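Everything below concerns the one structure shown next.
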Amino acid sequence: MNTYIPVGKARFVNYLNKVQAILDKAEFSENPALVVYQEDMRTPLFMLEGLSRLYKKINNHKKLKKLNVLFKYVEDLLGVIDFYDGFHKEFVNEKKIPGLITNYLNEKKDEELEDLNDYLKEEKWIGKHKKRISKILKDLDEVKWLDEKNDTIAILDVYHDVIKKVIKKYKRKNLEFCDIENDVHEFRRELRWLSIYPQALHGLMQLKSNAEQPEFLKKYLTPEIINSPFNVMPDGSALPYHIILNDGYFYALSWMIAQLGKLKDNGLKITILQESIAAVYKTHENVEQLIYSICDQNQQTLPQILEQSQKIATTFFSEEIMQNIIA
């Protein structure tokens with residue numbers, strides 16, 4: 001009996017097994033969606049989404065394109081739950097934030113959990129006739145996978161192409177950040193995939209230290225970044241081939257993702273308060289003034305967040321960080 005699994009498919013199977021383990025745990029819960037959320041099924045879904053983003057470009061197979069849409073959809077559902085739950089947890093201990101607002105956020109989280117419960121059952125992720133994972137595995141069987149050497153070459157080409165496209169896109173846009181979601185958050189998403197791919201590929205990508213780091217890189221090499229679990233590459237010692245990344249430049253990418261994340265969250269704090277106030281108090285008048293009155297005194301305004309995001313992004317591109325990530 002042939003038990004060989006192509007390396008590309010094996011990467012998917014690894015994370016599908018993690019998803020299945022969480023679904024099995026959630027199966028008999030009164031609130032499966034809550035278990036799925038608390039057990040962080042979002043992380044293996046991110047990895048599966050990352051793999052499908054890569055391999056749909058390599059194999060150009062319709063099944064991989066459909067799987068990419070599927071993984072993203074479920075991850076987005078969990079992302080909305082995390083959005084409301086995260087701000088509820090942040091606001092519930094802030095004395096200036098009215099209870100009506102924190103209650104609204106908690107209710108929205110519960111609504112989203114209920115929607116996820118319905119989806120998981122209807123789409124057969126859980127339940128008596130569950131077959132979603134087995135169906136995904138059958139879809140993967142239809143893909144013509146490359147051998148390890150050509151798989152590595154193809155992934156390197158795609159990774160390099162993704163970097164070039166991000167550079168080209170933001171040179172063309174001239175880095176004018178005008179909106180938190182469509183500019184700051186979107187830019188961070190595109191950079192973040194370059195950090196997720198090495199984790200999803202399970203050791204194929206490794207960091208290499210360069211003894212002579214340019215002086216400008218030092219500002220990015222903070223203890224928080226160097227020791228981040230996102231910058232510890234999975235063990236790849238058993239693999240015959242590797243893609244090598246320059247650690248200093250990869251750390252700079254990680255710093256940028258982290259800083260944009262903090263700025264994005266700061267901006268989303270304002271937008272979630274706008275939504276909450278409009279929903280609870282049925283008003284759009286003097287909302288901005290009210291928001292800053294109930295926020296911490298260090299809360300930045302949206303224009304300040306956009307300006308700072310654009311400033312660090314401009315420096316990041318001027319130092320050609322992305323051009324030097326691949327060793």
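As shown in the structure tokens, the chain order sets the letters A, B, ...; within each chain, residues go from 1, and ligands are also counted from 1 in the order they appear.
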- Message: For A:Ser318, find every residue with an atom within 12 Å (counting only C-alpha atoms), except residues of its own chain fewer than 5 positions away, and show them as a list in words.
- Response: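 After dropping sequence-adjacent residues, the list is Ile167, Tyr170, Lys171, Asn174, Leu175, Phe216, Lys311, Ile312, Ala313 and Gln323 of chain A.
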Could you give me, as a PDB file with N, CA and C atoms, in the first residue's frame, the residues within 12 Å of A:Gln300, counting only C-alpha atoms and dropping anything in the same chain fewer than 4 positions from it?
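What ended up in selection39.pdb:
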```pdb
ATOM      1  N   LYS A 262      -0.578  47.680  16.054  1.00  0.00           N
ATOM      2  CA  LYS A 262      -0.908  48.554  17.192  1.00  0.00           C
ATOM      3  C   LYS A 262      -1.655  49.802  16.723  1.00  0.00           C
ATOM      4  N   LEU A 263      -1.177  50.384  15.626  1.00  0.00           N
ATOM      5  CA  LEU A 263      -1.825  51.582  15.089  1.00  0.00           C
ATOM      6  C   LEU A 263      -3.218  51.252  14.557  1.00  0.00           C
ATOM      7  N   LYS A 264      -3.336  50.108  13.869  1.00  0.00           N
ATOM      8  CA  LYS A 264      -4.633  49.674  13.343  1.00  0.00           C
ATOM      9  C   LYS A 264      -5.631  49.459  14.480  1.00  0.00           C
ATOM     10  N   ASP A 265      -5.197  48.785  15.541  1.00  0.00           N
ATOM     11  CA  ASP A 265      -6.088  48.536  16.685  1.00  0.00           C
ATOM     12  C   ASP A 265      -6.514  49.838  17.347  1.00  0.00           C
ATOM     13  N   ASN A 266      -5.586  50.790  17.398  1.00  0.00           N
ATOM     14  CA  ASN A 266      -5.902  52.099  17.972  1.00  0.00           C
ATOM     15  C   ASN A 266      -6.962  52.806  17.147  1.00  0.00           C
ATOM     16  N   GLY A 267      -6.862  52.670  15.829  1.00  0.00           N
ATOM     17  CA  GLY A 267      -7.859  53.274  14.946  1.00  0.00           C
ATOM     18  C   GLY A 267      -9.192  52.551  15.007  1.00  0.00           C
ATOM     19  N   LEU A 268      -9.151  51.220  15.068  1.00  0.00           N
ATOM     20  CA  LEU A 268     -10.387  50.445  15.140  1.00  0.00           C
ATOM     21  C   LEU A 268     -11.127  50.684  16.457  1.00  0.00           C
ATOM     22  N   LYS A 269     -10.375  51.075  17.487  1.00  0.00           N
ATOM     23  CA  LYS A 269     -11.017  51.422  18.759  1.00  0.00           C
ATOM     24  C   LYS A 269     -11.987  52.580  18.560  1.00  0.00           C
ATOM     25  N   ILE A 270     -11.587  53.536  17.749  1.00  0.00           N
ATOM     26  CA  ILE A 270     -12.459  54.682  17.469  1.00  0.00           C
ATOM     27  C   ILE A 270     -13.648  54.244  16.629  1.00  0.00           C
ATOM     28  N   ILE A 291     -16.351  60.221  21.977  1.00  0.00           N
ATOM     29  CA  ILE A 291     -15.368  59.136  21.938  1.00  0.00           C
ATOM     30  C   ILE A 291     -14.078  59.531  22.650  1.00  0.00           C
ATOM     31  N   TYR A 292     -13.543  60.711  22.330  1.00  0.00           N
ATOM     32  CA  TYR A 292     -12.280  61.113  22.927  1.00  0.00           C
ATOM     33  C   TYR A 292     -12.435  61.432  24.411  1.00  0.00           C
ATOM     34  N   CYS A 295     -12.181  57.918  26.083  1.00  0.00           N
ATOM     35  CA  CYS A 295     -10.945  57.168  25.827  1.00  0.00           C
ATOM     36  C   CYS A 295      -9.832  57.640  26.751  1.00  0.00           C
ATOM     37  N   ASP A 296      -8.782  56.859  26.809  1.00  0.00           N
ATOM     38  CA  ASP A 296      -7.588  57.241  27.541  1.00  0.00           C
ATOM     39  C   ASP A 296      -7.041  58.541  26.960  1.00  0.00           C
ATOM     40  N   GLN A 304      -3.874  61.361  13.192  1.00  0.00           N
ATOM     41  CA  GLN A 304      -2.555  61.095  13.774  1.00  0.00           C
ATOM     42  C   GLN A 304      -2.107  59.662  13.486  1.00  0.00           C
ATOM     43  N   ILE A 305      -3.042  58.724  13.584  1.00  0.00           N
ATOM     44  CA  ILE A 305      -2.735  57.313  13.315  1.00  0.00           C
ATOM     45  C   ILE A 305      -2.346  57.122  11.856  1.00  0.00           C
ATOM     46  N   LEU A 306      -3.100  57.737  10.969  1.00  0.00           N
ATOM     47  CA  LEU A 306      -2.805  57.626   9.533  1.00  0.00           C
ATOM     48  C   LEU A 306      -1.459  58.253   9.200  1.00  0.00           C
ATOM     49  N   GLU A 307      -1.170  59.397   9.805  1.00  0.00           N
ATOM     50  CA  GLU A 307       0.097  60.081   9.550  1.00  0.00           C
ATOM     51  C   GLU A 307       1.280  59.249  10.037  1.00  0.00           C
ATOM     52  N   GLN A 308       1.150  58.678  11.246  1.00  0.00           N
ATOM     53  CA  GLN A 308       2.247  57.869  11.783  1.00  0.00           C
ATOM     54  C   GLN A 308       2.449  56.596  10.966  1.00  0.00           C
ATOM     55  N   SER A 309       1.343  55.979  10.543  1.00  0.00           N
ATOM     56  CA  SER A 309       1.428  54.767   9.720  1.00  0.00           C
ATOM     57  C   SER A 309       2.142  55.057   8.408  1.00  0.00           C
TER      58      SER A 309
END
```
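Close contacts of stretch 19-26 of chain A, defined as residues with an atom at most 10 Å away when counting only C-alpha atoms, with chain neighbours fewer than 5 positions off set aside, comprise Val13, Asn14, Asn31, Pro32, Ala33, Leu34, Val35, Val36, Tyr37, Gln38, Glu39, Asp40, Met41, Arg42, Thr43, Pro44, Leu45, Leu48, Leu120, Trp125, Ile126, Gly127, Arg132, Ile133 and Ser134 of chain A.
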Requested write-out: N, CA and C atoms of the selected residues, as a PDB file, in the first residue's frame:
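And here is the file that came out, result34.pdb:
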```
ATOM      1  N   VAL A  13      -2.585  18.681   5.226  1.00  0.00           N
ATOM      2  CA  VAL A  13      -3.084  17.639   6.136  1.00  0.00           C
ATOM      3  C   VAL A  13      -2.704  17.957   7.584  1.00  0.00           C
ATOM      4  N   ASN A  14      -1.503  18.471   7.781  1.00  0.00           N
ATOM      5  CA  ASN A  14      -1.048  18.828   9.120  1.00  0.00           C
ATOM      6  C   ASN A  14      -2.023  19.786   9.808  1.00  0.00           C
ATOM      7  N   ASN A  31     -22.459  24.974  22.795  1.00  0.00           N
ATOM      8  CA  ASN A  31     -22.092  26.117  21.957  1.00  0.00           C
ATOM      9  C   ASN A  31     -20.790  25.787  21.218  1.00  0.00           C
ATOM     10  N   PRO A  32     -20.871  24.968  20.162  1.00  0.00           N
ATOM     11  CA  PRO A  32     -19.649  24.553  19.438  1.00  0.00           C
ATOM     12  C   PRO A  32     -18.815  25.727  18.946  1.00  0.00           C
ATOM     13  N   ALA A  33     -19.476  26.781  18.478  1.00  0.00           N
ATOM     14  CA  ALA A  33     -18.744  27.929  17.949  1.00  0.00           C
ATOM     15  C   ALA A  33     -17.858  28.565  19.018  1.00  0.00           C
ATOM     16  N   LEU A  34     -18.344  28.593  20.250  1.00  0.00           N
ATOM     17  CA  LEU A  34     -17.553  29.174  21.338  1.00  0.00           C
ATOM     18  C   LEU A  34     -16.307  28.336  21.586  1.00  0.00           C
ATOM     19  N   VAL A  35     -16.448  27.013  21.544  1.00  0.00           N
ATOM     20  CA  VAL A  35     -15.297  26.129  21.729  1.00  0.00           C
ATOM     21  C   VAL A  35     -14.303  26.321  20.595  1.00  0.00           C
ATOM     22  N   VAL A  36     -14.801  26.381  19.361  1.00  0.00           N
ATOM     23  CA  VAL A  36     -13.955  26.592  18.185  1.00  0.00           C
ATOM     24  C   VAL A  36     -13.182  27.904  18.314  1.00  0.00           C
ATOM     25  N   TYR A  37     -13.868  28.928  18.808  1.00  0.00           N
ATOM     26  CA  TYR A  37     -13.234  30.236  18.988  1.00  0.00           C
ATOM     27  C   TYR A  37     -12.198  30.191  20.112  1.00  0.00           C
ATOM     28  N   GLN A  38     -12.574  29.639  21.250  1.00  0.00           N
ATOM     29  CA  GLN A  38     -11.672  29.606  22.405  1.00  0.00           C
ATOM     30  C   GLN A  38     -10.461  28.705  22.180  1.00  0.00           C
ATOM     31  N   GLU A  39     -10.636  27.669  21.359  1.00  0.00           N
ATOM     32  CA  GLU A  39      -9.526  26.752  21.062  1.00  0.00           C
ATOM     33  C   GLU A  39      -8.644  27.277  19.928  1.00  0.00           C
ATOM     34  N   ASP A  40      -8.954  28.474  19.458  1.00  0.00           N
ATOM     35  CA  ASP A  40      -8.151  29.170  18.447  1.00  0.00           C
ATOM     36  C   ASP A  40      -8.047  28.398  17.135  1.00  0.00           C
ATOM     37  N   MET A  41      -9.198  27.982  16.609  1.00  0.00           N
ATOM     38  CA  MET A  41      -9.189  27.345  15.291  1.00  0.00           C
ATOM     39  C   MET A  41      -8.792  28.343  14.210  1.00  0.00           C
ATOM     40  N   ARG A  42      -8.814  29.606  14.558  1.00  0.00           N
ATOM     41  CA  ARG A  42      -8.459  30.632  13.583  1.00  0.00           C
ATOM     42  C   ARG A  42      -7.006  30.498  13.119  1.00  0.00           C
ATOM     43  N   THR A  43      -6.111  30.083  14.018  1.00  0.00           N
ATOM     44  CA  THR A  43      -4.698  29.981  13.647  1.00  0.00           C
ATOM     45  C   THR A  43      -4.441  28.916  12.585  1.00  0.00           C
ATOM     46  N   PRO A  44      -4.891  27.646  12.769  1.00  0.00           N
ATOM     47  CA  PRO A  44      -4.683  26.693  11.663  1.00  0.00           C
ATOM     48  C   PRO A  44      -5.420  27.087  10.387  1.00  0.00           C
ATOM     49  N   LEU A  45      -6.546  27.804  10.521  1.00  0.00           N
ATOM     50  CA  LEU A  45      -7.236  28.282   9.318  1.00  0.00           C
ATOM     51  C   LEU A  45      -6.406  29.339   8.590  1.00  0.00           C
ATOM     52  N   LEU A  48      -3.896  27.365   6.685  1.00  0.00           N
ATOM     53  CA  LEU A  48      -4.514  26.737   5.515  1.00  0.00           C
ATOM     54  C   LEU A  48      -4.818  27.776   4.434  1.00  0.00           C
ATOM     55  N   LEU A 120     -21.497  26.117  10.845  1.00  0.00           N
ATOM     56  CA  LEU A 120     -20.769  24.864  11.065  1.00  0.00           C
ATOM     57  C   LEU A 120     -21.661  23.647  10.856  1.00  0.00           C
ATOM     58  N   TRP A 125     -19.421  20.896   8.969  1.00  0.00           N
ATOM     59  CA  TRP A 125     -18.150  20.839   9.690  1.00  0.00           C
ATOM     60  C   TRP A 125     -18.335  19.990  10.947  1.00  0.00           C
ATOM     61  N   ILE A 126     -19.542  20.056  11.521  1.00  0.00           N
ATOM     62  CA  ILE A 126     -19.899  19.267  12.686  1.00  0.00           C
ATOM     63  C   ILE A 126     -21.284  18.670  12.456  1.00  0.00           C
ATOM     64  N   GLY A 127     -21.695  17.778  13.338  1.00  0.00           N
ATOM     65  CA  GLY A 127     -23.041  17.220  13.231  1.00  0.00           C
ATOM     66  C   GLY A 127     -23.037  15.769  12.779  1.00  0.00           C
ATOM     67  N   ARG A 132     -17.088  17.723   6.025  1.00  0.00           N
ATOM     68  CA  ARG A 132     -16.347  18.823   5.421  1.00  0.00           C
ATOM     69  C   ARG A 132     -14.862  18.517   5.280  1.00  0.00           C
ATOM     70  N   ILE A 133     -14.231  18.030   6.356  1.00  0.00           N
ATOM     71  CA  ILE A 133     -12.794  17.772   6.300  1.00  0.00           C
ATOM     72  C   ILE A 133     -12.478  16.663   5.299  1.00  0.00           C
ATOM     73  N   SER A 134     -13.268  15.607   5.296  1.00  0.00           N
ATOM     74  CA  SER A 134     -13.023  14.514   4.348  1.00  0.00           C
ATOM     75  C   SER A 134     -13.204  14.990   2.915  1.00  0.00           C
TER      76      SER A 134
END
```
- Message: For stretch 71-79 of chain A, find every residue with an atom within 6 Å (counting only C-alpha atoms), except residues of its own chain fewer than 2 positions away, and show them as a ChimeraX atom specification.
- Response: /A:42,45,49,68-69,81-82
- Message: Applying 6 Å and only C-alpha atoms, which residues near stretch 99-116 of chain A remain after dropping the ones on its own chain fewer than 2 positions away? List them as number ranges by chain.
- Response: A: 33, 81, 84-85, 88, 92, 118-119, 276
Writer output for current selection, N, CA, C and O atoms, as a PDB file, in the first residue's frame:
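Produced file again31.pdb, reproduced below:
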```
ATOM      1  N   ALA A  33     -19.476  26.781  18.478  1.00  0.00           N
ATOM      2  CA  ALA A  33     -18.744  27.929  17.949  1.00  0.00           C
ATOM      3  C   ALA A  33     -17.858  28.565  19.018  1.00  0.00           C
ATOM      4  O   ALA A  33     -16.747  29.017  18.726  1.00  0.00           O
ATOM      5  N   ILE A  81     -15.896  37.607  15.403  1.00  0.00           N
ATOM      6  CA  ILE A  81     -16.127  37.259  16.813  1.00  0.00           C
ATOM      7  C   ILE A  81     -15.005  37.839  17.671  1.00  0.00           C
ATOM      8  O   ILE A  81     -15.246  38.446  18.713  1.00  0.00           O
ATOM      9  N   TYR A  84     -15.290  41.768  18.190  1.00  0.00           N
ATOM     10  CA  TYR A  84     -16.210  42.226  19.237  1.00  0.00           C
ATOM     11  C   TYR A  84     -15.779  41.755  20.624  1.00  0.00           C
ATOM     12  O   TYR A  84     -15.843  42.514  21.599  1.00  0.00           O
ATOM     13  N   ASP A  85     -15.310  40.527  20.718  1.00  0.00           N
ATOM     14  CA  ASP A  85     -14.899  39.994  22.012  1.00  0.00           C
ATOM     15  C   ASP A  85     -13.669  40.724  22.535  1.00  0.00           C
ATOM     16  O   ASP A  85     -13.576  41.028  23.734  1.00  0.00           O
ATOM     17  N   HIS A  88     -14.689  44.116  23.767  1.00  0.00           N
ATOM     18  CA  HIS A  88     -15.499  43.966  24.984  1.00  0.00           C
ATOM     19  C   HIS A  88     -14.586  43.739  26.186  1.00  0.00           C
ATOM     20  O   HIS A  88     -14.758  44.373  27.245  1.00  0.00           O
ATOM     21  N   VAL A  92     -14.444  46.546  29.175  1.00  0.00           N
ATOM     22  CA  VAL A  92     -15.256  46.204  30.347  1.00  0.00           C
ATOM     23  C   VAL A  92     -14.629  46.705  31.649  1.00  0.00           C
ATOM     24  O   VAL A  92     -15.341  46.967  32.631  1.00  0.00           O
ATOM     25  N   ASP A 118     -24.615  28.083  13.274  1.00  0.00           N
ATOM     26  CA  ASP A 118     -25.496  27.704  12.150  1.00  0.00           C
ATOM     27  C   ASP A 118     -24.659  27.268  10.948  1.00  0.00           C
ATOM     28  O   ASP A 118     -24.964  26.259  10.295  1.00  0.00           O
ATOM     29  N   TYR A 119     -23.613  28.032  10.662  1.00  0.00           N
ATOM     30  CA  TYR A 119     -22.764  27.734   9.513  1.00  0.00           C
ATOM     31  C   TYR A 119     -22.071  26.376   9.669  1.00  0.00           C
ATOM     32  O   TYR A 119     -22.039  25.572   8.728  1.00  0.00           O
ATOM     33  N   SER A 276     -20.794  51.516  18.128  1.00  0.00           N
ATOM     34  CA  SER A 276     -21.518  51.217  19.367  1.00  0.00           C
ATOM     35  C   SER A 276     -22.413  52.373  19.791  1.00  0.00           C
ATOM     36  O   SER A 276     -23.571  52.176  20.174  1.00  0.00           O
TER      37      SER A 276
END
```
- Message: Under the rule that only C-alpha atoms are counted, which of A:Glu215, A:Glu275, A:Glu27, A:Asp247 is the nearest residue to A:Asn324?
- Response: A:Asp247
- Please indicate the distance in Å from atom CA of A:Arg11 to atom CA of A:Tyr251, rounded to one decimal place.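 A separation of 24.4 Å between them.
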- Please report, as a PyMOL selection string, each residue of stretch 137-217 of chain A to which DSSP assigns alpha helix (DSSP H) when run on this structure's backbone. chain A and resi 137-141+148-173+186-200
- Among the residues A:Ile97, A:Leu51, A:Ile325, A:Ile277, the one that comes closest to A:Lys208 [using only C-alpha atoms]: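 Under the stated criterion, the closest residue is A:Ile325.
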- Message: Calculated over only C-alpha atoms, which of the candidates A:Thr271, A:Gln213, A:Thr301, A:Thr283 has the smallest distance to A:Phe87?
- Response: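 Checking each candidate against A:Phe87, we get A:Thr271 as the closest.
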- Given only C-alpha atoms as the counted atoms, nearest of A:His185, A:Gly248, A:Ser293, A:Ser195 to A:Lys95: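 Comparing A:His185, A:Gly248, A:Ser293, A:Ser195 against A:Lys95, the winner is A:Ser293.
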- Task: Write out as number ranges by chain each polymer residue whose atoms come within 12 Å of A:Ser52, counting only C-alpha atoms; drop sequence neighbours fewer than 6 positions from it.
- Result: A: 8-9, 11-12, 15, 45-46, 58-72, 136, 140, 143, 155, 193, 197, 200-201
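Checking A:Phe187, A:Trp255, A:Tyr281, A:Tyr4 one by one against A:Thr222, counting only C-alpha atoms, you find the shortest gap at A:Trp255.
Rounded to one decimal, atom CA of A:Tyr249 and atom CA of A:Asn231 lie 11.4 Å from each other.
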